[in-house]
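Below is run.txt, holding compact mmCIF, C-alpha atoms.
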# COMPACT_ATOMS: atom_id res chain seq x y z
CA GLY N 29 -36.04 34.02 -20.78
CA SER N 30 -35.03 33.26 -17.21
CA GLY N 31 -33.45 29.92 -16.45
CA LEU N 32 -31.38 27.91 -13.98
CA HIS N 33 -27.74 27.12 -14.66
CA ASP N 34 -24.98 25.45 -12.67
CA ARG N 35 -21.94 27.36 -11.39
CA SER N 36 -19.40 25.49 -13.50
CA GLY N 37 -17.85 28.69 -14.82
CA ILE N 38 -18.13 28.04 -18.55
CA GLN N 39 -18.13 31.04 -20.85
CA ILE N 40 -18.67 30.60 -24.59
CA LEU N 41 -18.04 33.59 -26.83
CA LEU N 42 -19.73 33.49 -30.20
CA GLY N 43 -17.91 35.07 -33.11
CA LEU N 44 -20.95 37.16 -33.89
CA LEU N 45 -21.10 40.93 -34.03
CA TRP N 46 -24.24 42.99 -33.59
CA ASN N 47 -24.49 46.64 -34.54
CA VAL N 48 -25.66 48.76 -31.58
CA ASP N 49 -25.70 52.58 -31.84
CA GLY N 50 -23.29 52.40 -34.75
CA ARG N 51 -20.79 50.21 -32.91
CA LEU N 52 -19.92 46.55 -33.35
CA LEU N 53 -20.21 44.60 -30.12
CA PRO N 54 -19.69 40.86 -29.49
CA LEU N 55 -22.77 38.80 -28.65
CA SER N 56 -22.06 36.26 -25.92
CA ILE N 57 -23.67 33.28 -24.27
CA LEU N 58 -22.72 32.98 -20.63
CA VAL N 59 -23.28 29.64 -18.92
CA GLY N 60 -22.36 29.65 -15.24
CA CYS N 61 -20.21 32.08 -13.34
CA ASP N 62 -17.47 30.79 -11.08
CA GLU N 63 -16.88 33.75 -8.77
CA ARG N 64 -15.43 32.87 -5.39
CA LYS N 65 -16.30 35.51 -2.82
CA GLN N 66 -15.42 35.96 0.83
CA THR N 67 -18.24 36.99 3.12
CA HIS N 68 -17.77 39.79 5.65
CA GLU N 69 -20.37 40.78 8.18
CA CYS N 70 -20.88 44.40 7.07
CA ASP N 71 -18.93 44.86 3.89
CA ILE N 72 -19.31 46.84 0.65
CA ARG N 73 -17.21 46.07 -2.39
CA ASP N 74 -16.93 47.48 -5.87
CA ARG N 75 -16.11 45.52 -9.02
CA SER N 76 -17.02 45.25 -12.69
CA CYS N 77 -18.06 41.82 -13.96
CA ASN N 78 -20.70 39.99 -15.92
CA PRO N 79 -24.09 39.71 -14.15
CA ASP N 80 -25.66 36.58 -12.66
CA PRO N 81 -26.04 34.08 -15.56
CA ARG N 82 -29.09 32.54 -13.88
CA VAL N 83 -31.12 35.65 -14.78
CA SER N 84 -30.85 35.16 -18.53
CA SER N 85 -29.02 32.60 -20.63
CA LEU N 86 -28.43 34.99 -23.54
CA ARG N 87 -27.10 38.49 -23.03
CA LEU N 88 -24.94 41.15 -24.62
CA ARG N 89 -21.40 41.06 -23.25
CA MET N 90 -20.57 44.36 -21.60
CA ASN N 91 -19.00 45.76 -18.44
CA VAL N 92 -21.44 45.89 -15.55
CA VAL N 93 -20.93 48.18 -12.57
CA ASN N 94 -21.32 46.00 -9.48
CA LYS N 95 -21.76 46.94 -5.81
CA THR N 96 -21.85 44.18 -3.22
CA PHE N 97 -23.02 44.28 0.40
CA SER N 98 -22.65 41.43 2.91
CA LEU N 99 -25.00 41.27 5.89
CA THR N 100 -25.42 38.80 8.75
CA VAL N 101 -29.06 38.89 9.83
CA GLU N 102 -32.02 36.77 10.89
CA LYS N 103 -34.19 35.58 8.03
CA ARG N 104 -37.09 37.71 9.25
CA GLN N 105 -34.86 40.82 8.94
CA ALA N 106 -33.74 40.13 5.37
CA GLU N 107 -36.84 41.49 3.64
CA GLU N 108 -36.61 44.89 5.36
CA CYS N 109 -32.89 45.06 4.58
CA LEU N 110 -33.60 44.38 0.90
CA MET N 111 -36.36 46.97 0.75
CA GLY N 112 -34.14 49.56 2.42
CA ILE N 113 -31.17 48.92 0.12
CA PHE N 114 -33.13 48.56 -3.13
CA HIS N 115 -35.37 51.57 -2.43
CA THR N 116 -32.29 53.68 -1.73
CA VAL N 117 -30.84 52.66 -5.09
CA LEU N 118 -34.12 53.14 -6.97
CA PHE N 119 -34.56 56.63 -5.54
CA ARG N 120 -31.35 57.54 -7.37
CA ARG N 121 -32.28 55.59 -10.48
CA CYS N 122 -35.65 57.30 -10.93
CA GLN N 123 -36.78 60.65 -12.21
CA PRO N 124 -40.14 62.41 -12.31
CA LYS N 125 -42.60 61.26 -14.95
CA MET N 126 -41.11 61.69 -18.42
CA LEU N 127 -43.36 63.27 -21.04
CA PHE N 128 -42.89 64.43 -24.61
CA THR N 129 -43.97 67.55 -26.47
CA GLU N 130 -45.46 67.50 -29.94
CA LYS N 131 -41.96 68.15 -31.23
CA LYS N 132 -40.80 65.00 -29.40
CA GLN N 133 -38.78 66.93 -26.84
CA VAL N 134 -38.55 65.22 -23.45
CA PHE N 135 -39.36 66.90 -20.16
CA ALA N 136 -40.09 65.78 -16.59
CA ARG N 137 -43.28 66.62 -14.68
CA GLY N 138 -43.52 66.94 -10.89
CA ASP N 139 -41.03 65.51 -8.41
CA LEU N 140 -40.23 62.15 -6.87
CA GLY N 141 -41.41 62.83 -3.34
CA ILE N 142 -39.84 61.26 -0.25
CA GLN N 143 -41.37 58.95 2.35
CA ASN N 144 -39.71 57.75 5.55
CA VAL N 145 -40.06 54.06 6.40
CA ARG N 146 -39.46 52.74 9.93
CA CYS N 147 -38.51 49.08 9.99
CA GLU N 148 -40.16 46.59 12.37
CA TYR N 149 -37.38 44.01 12.83
CA VAL N 150 -34.42 46.29 12.08
CA ASP N 151 -33.62 49.33 14.19
CA THR N 152 -33.39 51.99 11.50
CA VAL N 153 -35.34 54.29 9.18
CA TYR N 154 -34.80 54.57 5.44
CA ARG N 155 -36.23 56.84 2.75
CA ARG N 156 -37.98 55.76 -0.41
CA CYS N 157 -39.57 57.39 -3.42
CA SER N 158 -43.21 58.15 -2.55
CA SER N 159 -44.57 56.37 -5.64
CA GLU N 160 -46.90 53.64 -4.33
CA GLY N 161 -46.87 51.78 -7.65
CA LEU N 162 -43.09 51.51 -7.64
CA HIS N 163 -43.12 50.47 -3.97
CA GLU N 164 -45.72 47.73 -4.51
CA ASN N 165 -43.89 46.27 -7.50
CA LEU N 166 -40.57 46.20 -5.67
CA LYS N 167 -42.23 44.62 -2.63
CA THR N 168 -43.72 41.91 -4.88
CA LEU N 169 -40.31 41.08 -6.36
CA VAL N 170 -38.61 41.00 -2.96
CA LYS N 171 -41.35 38.82 -1.44
CA LYS N 172 -40.96 36.32 -4.29
CA CYS N 173 -37.26 36.03 -3.48
CA MET N 174 -37.89 35.75 0.24
CA ALA N 175 -40.51 33.05 -0.36
CA GLU N 176 -37.74 30.97 -1.91
CA VAL N 177 -35.53 31.64 1.12
CA TYR N 178 -38.26 30.65 3.59
CA SER N 179 -39.02 27.48 1.62
CA ARG N 180 -35.49 26.22 2.34
CA GLU N 181 -35.34 25.76 6.12
CA ASN N 182 -31.68 24.83 6.31
CA ILE N 183 -30.32 27.45 3.94
CA GLU N 184 -27.59 29.54 5.57
CA GLU N 185 -26.67 31.91 2.73
CA ALA N 186 -28.49 33.71 -0.07
CA GLU N 187 -27.56 36.28 -2.69
CA ILE N 188 -30.19 38.69 -4.01
CA LYS N 189 -29.57 41.26 -6.73
CA LEU N 190 -31.21 44.35 -8.14
CA LEU N 191 -30.22 44.55 -11.82
CA PHE N 192 -30.68 47.41 -14.28
CA TYR N 193 -30.84 46.60 -17.97
CA ARG N 194 -31.56 47.83 -21.46
CA LYS N 195 -34.10 45.94 -23.58
CA PRO N 196 -32.93 43.93 -26.58
CA ILE N 197 -32.36 45.89 -29.76
CA GLY N 198 -33.80 43.73 -32.53
CA TRP N 199 -35.15 40.19 -32.33
CA PHE N 200 -31.74 38.49 -32.19
CA SER N 201 -30.01 40.64 -29.60
CA ALA N 202 -29.95 40.23 -25.81
CA LEU N 203 -30.74 42.08 -22.63
CA SER N 204 -27.85 44.44 -21.81
CA TYR N 205 -27.25 44.67 -18.06
CA TRP N 206 -25.35 47.79 -17.02
CA GLU N 207 -25.56 47.92 -13.22
CA GLU N 208 -26.20 45.45 -10.40
CA TRP N 209 -26.55 45.79 -6.62
CA VAL N 210 -25.83 42.57 -4.75
CA VAL N 211 -26.87 41.73 -1.19
CA GLN N 212 -25.14 38.65 0.22
CA PHE N 213 -26.89 37.29 3.31
CA ARG N 214 -25.54 34.98 5.97
CA PHE N 215 -28.44 33.94 8.15
CA THR N 216 -28.24 33.60 11.90
CA SER N 217 -30.77 32.69 14.60
CA CYS N 218 -31.49 34.01 18.10
CA ARG N 219 -32.12 31.84 21.14
CA ASN N 220 -33.97 34.36 23.30
CA GLU N 221 -35.48 37.85 23.39
CA LYS N 222 -32.25 39.45 24.57
CA GLU N 223 -30.41 38.15 21.50
CA ARG N 224 -33.27 39.26 19.23
CA GLN N 225 -33.03 42.82 20.56
CA GLU N 226 -29.28 42.81 20.08
CA SER N 227 -29.76 41.47 16.56
CA ARG N 228 -32.28 44.23 15.83
CA ILE N 229 -29.72 46.89 16.77
CA THR N 230 -26.85 45.19 14.91
CA ALA N 231 -28.93 44.75 11.75
CA GLY N 232 -30.01 48.39 11.95
CA GLN N 233 -26.39 49.52 12.09
CA ALA N 234 -25.51 47.30 9.13
CA LEU N 235 -28.44 48.56 7.03
CA SER N 236 -27.67 52.20 7.87
CA SER N 237 -24.05 51.61 6.85
CA ALA N 238 -25.17 50.05 3.55
CA ILE N 239 -27.47 52.99 2.80
CA ARG N 240 -24.62 55.45 3.43
CA GLY N 241 -22.42 53.30 1.20
CA ILE N 242 -24.97 53.49 -1.63
CA THR N 243 -25.08 57.27 -1.46
CA PHE N 244 -21.30 57.47 -1.49
CA ALA N 245 -20.96 54.91 -4.30
CA ILE N 246 -23.49 56.53 -6.63
CA SER N 247 -21.92 59.95 -6.08
CA GLY N 248 -18.55 58.57 -7.15
CA MET N 249 -19.41 56.24 -10.02
CA GLY N 250 -20.53 58.87 -12.55
CA GLU N 251 -22.88 58.25 -15.46
CA ARG N 252 -20.65 56.93 -18.23
CA HIS N 253 -21.93 53.37 -17.79
CA MET N 254 -25.60 54.40 -17.93
CA PRO N 255 -27.55 53.99 -21.20
CA GLU N 256 -28.92 56.95 -23.14
CA PHE N 257 -31.88 56.92 -25.50
CA THR N 258 -31.40 58.02 -29.09
CA ASP N 259 -34.98 59.07 -29.87
CA GLN N 260 -38.51 58.90 -28.46
CA GLN N 261 -39.05 55.31 -29.61
CA ASP N 262 -35.89 54.25 -27.77
CA VAL N 263 -37.07 55.57 -24.38
CA ALA N 264 -39.06 52.43 -23.50
CA ASN N 265 -35.94 50.32 -24.12
CA ILE N 266 -34.25 52.00 -21.15
CA TYR N 267 -36.98 53.30 -18.83
CA ASP N 268 -40.02 51.65 -17.24
CA MET N 269 -42.89 53.81 -18.53
CA GLN N 270 -45.77 52.07 -16.70
CA TYR N 271 -45.99 54.51 -13.77
CA ASP N 272 -48.00 57.73 -13.70
CA ASP N 273 -45.74 59.57 -11.27
CA VAL N 274 -42.15 58.37 -11.78
CA THR N 275 -39.89 56.97 -14.49
CA PRO N 276 -37.35 54.45 -13.17
CA TYR N 277 -34.73 52.69 -15.23
CA LEU N 278 -35.76 49.17 -16.24
CA HIS N 279 -34.84 46.73 -13.49
CA GLU N 280 -35.46 43.27 -12.08
CA VAL N 281 -34.54 41.24 -9.00
CA SER N 282 -32.76 37.87 -8.97
CA TYR N 283 -31.90 35.39 -6.22
CA SER N 284 -29.41 32.56 -5.83
CA PHE N 285 -28.20 30.15 -3.17
CA PRO N 286 -24.42 29.65 -3.21
CA SER N 287 -24.58 26.34 -1.36
CA THR N 288 -26.86 24.69 -3.94
CA GLY N 289 -26.19 26.68 -7.13
CA GLU N 290 -29.92 27.38 -7.54
CA GLY N 291 -31.16 30.74 -8.70
CA THR N 292 -33.30 32.68 -11.12
CA ALA N 293 -35.00 36.05 -11.64
CA ALA N 294 -38.08 37.06 -9.68
CA THR N 295 -40.20 38.99 -12.18
CA LEU N 296 -43.68 40.44 -12.46
CA GLY N 297 -44.40 37.80 -15.10
CA GLY N 298 -42.09 36.25 -17.71
CA THR N 299 -39.26 38.34 -19.13
CA LEU N 300 -40.67 38.34 -22.67
CA GLY N 301 -44.17 39.08 -21.42
CA ARG N 302 -42.86 41.94 -19.30
CA LEU N 303 -41.02 43.50 -22.24
CA VAL N 304 -44.05 43.20 -24.52
CA ARG N 305 -46.44 44.68 -21.92
CA SER N 306 -44.12 47.58 -21.21
CA THR N 307 -43.70 48.37 -24.91
CA LEU N 308 -47.44 48.19 -25.57
CA ALA N 309 -48.19 50.43 -22.59
CA TYR N 310 -45.68 52.99 -23.85
CA ASN N 311 -46.91 52.95 -27.44
CA THR N 312 -50.53 53.39 -26.38

Could I get this file's structure written as structure tokens?
Amino acid sequence: GSGLHDRSGIQILLGLLWNVDGRLLPLSILVGCDERKQTHECDIRDRSCNPDPRVSSLRLRMNVVNKTFSLTVEKRQAEECLMGIFHTVLFRRCQPKMLFTEKKQVFARGDLGIQNVRCEYVDTVYRRCSSEGLHENLKTLVKKCMAEVYSRENIEEAEIKLLFYRKPIGWFSALSYWEEWVVQFRFTSCRNEKERQESRITAGQALSSAIRGITFAISGMGERHMPEFTDQQDVANIYDMQYDDVTPYLHEVSYSFPSTGEGTAATLGGTLGRLVRSTLAYNT
């Protein structure tokens, strides 16, 4: 389940092997993650590393494709920036509704649809998948993270991630994270309306740059790191099957505060409960 851990940078590798898709992989417990990062105002970086240990205390050790953006914005602009960045990623990590024939062959029905969204506090427009269910769930996760930000008046930095994962295989295995998109915020404040208007334009330029960076990054990263299902029963271990119109990869959102070491996952319920509900919905 989700938990809070300090940033002491301790990694314990268990000498335990677990058979996954015919291969032997090490099962690891990660406690803390001591990554020192430099913040740049409008920056995108690419690296492979282990995901945020505050999201889950037990996970399968694997390489995770990581993309990091750094933005300097007002707190009121952060939510729209997150929605714009995460929706852009999800649009490329979704496909039309997956269905199966009687012979258990997979096919997709319909299309994703596109909807333009004009921001209120940020001077830009982004596109999202037209699925209202997917939009509402993402908005709920983002608002949970932002509620934590707003509850800390003096916080100057926050890190919020969109993580894609594969469900555990067997009762004693762990969530396998394979891709994460990190937004590092440095918060600023405006003294008057003139500065707020300037901030609106600057934030819009930064968000537009991040969206272009996502498109470029996804085009160049390929698909070798992305999980594949082995049979029909394995589909719900990789994809979120709850929607009627789209099939996104399983994902969640986490937040952390570098200055305090606090952080956890913002979920639509507990991790175990979410996995059980998704599996039951798929099997029925």

Q: Rounded to one decimal place, report the atom CA of Asp259 of chain N-atom CA of Phe128 of chain N distance in Å.
A: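 According to the coordinates, atom CA of Asp259 of chain N and atom CA of Phe128 of chain N are separated by 10.9 Å.
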
Q) Just how far from atom CA of Ser158 of chain N is atom CA of Arg121 of chain N, in Å to one decimal? A) 13.7 Å

**Q.** Nearest to Ile266 of chain N by atom-to-atom distance, counting all atoms listed in the file, from N:Leu190, N:Cys122, N:Ile142, N:Leu162
**A.** N:Cys122

Q. Using all atoms listed in the file, which residue out of N:Phe192, N:Tyr154, N:Phe213, N:Tyr149 lies closest to Thr116 of chain N?
A. N:Tyr154

Q: Please return, as JSON, numbers by chain, all polymer residues that have at least one atom within 10 Å of the point (-37.3, 56.6, -0.7); use all atoms listed in the file and the file's own coordinate frame.
A: {"N": [111, 112, 113, 114, 115, 116, 117, 118, 119, 120, 140, 141, 142, 143, 144, 145, 154, 155, 156, 157, 158, 159, 163]}

Polymer residues at most 8 Å from Val170 of chain N, all atoms listed in the file, same-chain spacing of 2 or more positions, as an mmCIF file with C-alpha atoms, in the coordinates of the input:
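New file out.cif:
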data_model
loop_
_atom_site.group_PDB
_atom_site.id
_atom_site.type_symbol
_atom_site.label_atom_id
_atom_site.label_comp_id
_atom_site.auth_asym_id
_atom_site.auth_seq_id
_atom_site.Cartn_x
_atom_site.Cartn_y
_atom_site.Cartn_z
ATOM 1 C CA GLU N 107 -36.840 41.490 3.640
ATOM 2 C CA LEU N 110 -33.600 44.380 0.900
ATOM 3 C CA MET N 111 -36.360 46.970 0.750
ATOM 4 C CA LEU N 166 -40.570 46.200 -5.670
ATOM 5 C CA LYS N 167 -42.230 44.620 -2.630
ATOM 6 C CA THR N 168 -43.720 41.910 -4.880
ATOM 7 C CA LYS N 172 -40.960 36.320 -4.290
ATOM 8 C CA CYS N 173 -37.260 36.030 -3.480
ATOM 9 C CA MET N 174 -37.890 35.750 0.240
ATOM 10 C CA VAL N 281 -34.540 41.240 -9.000
ATOM 11 C CA ALA N 294 -38.080 37.060 -9.680
#
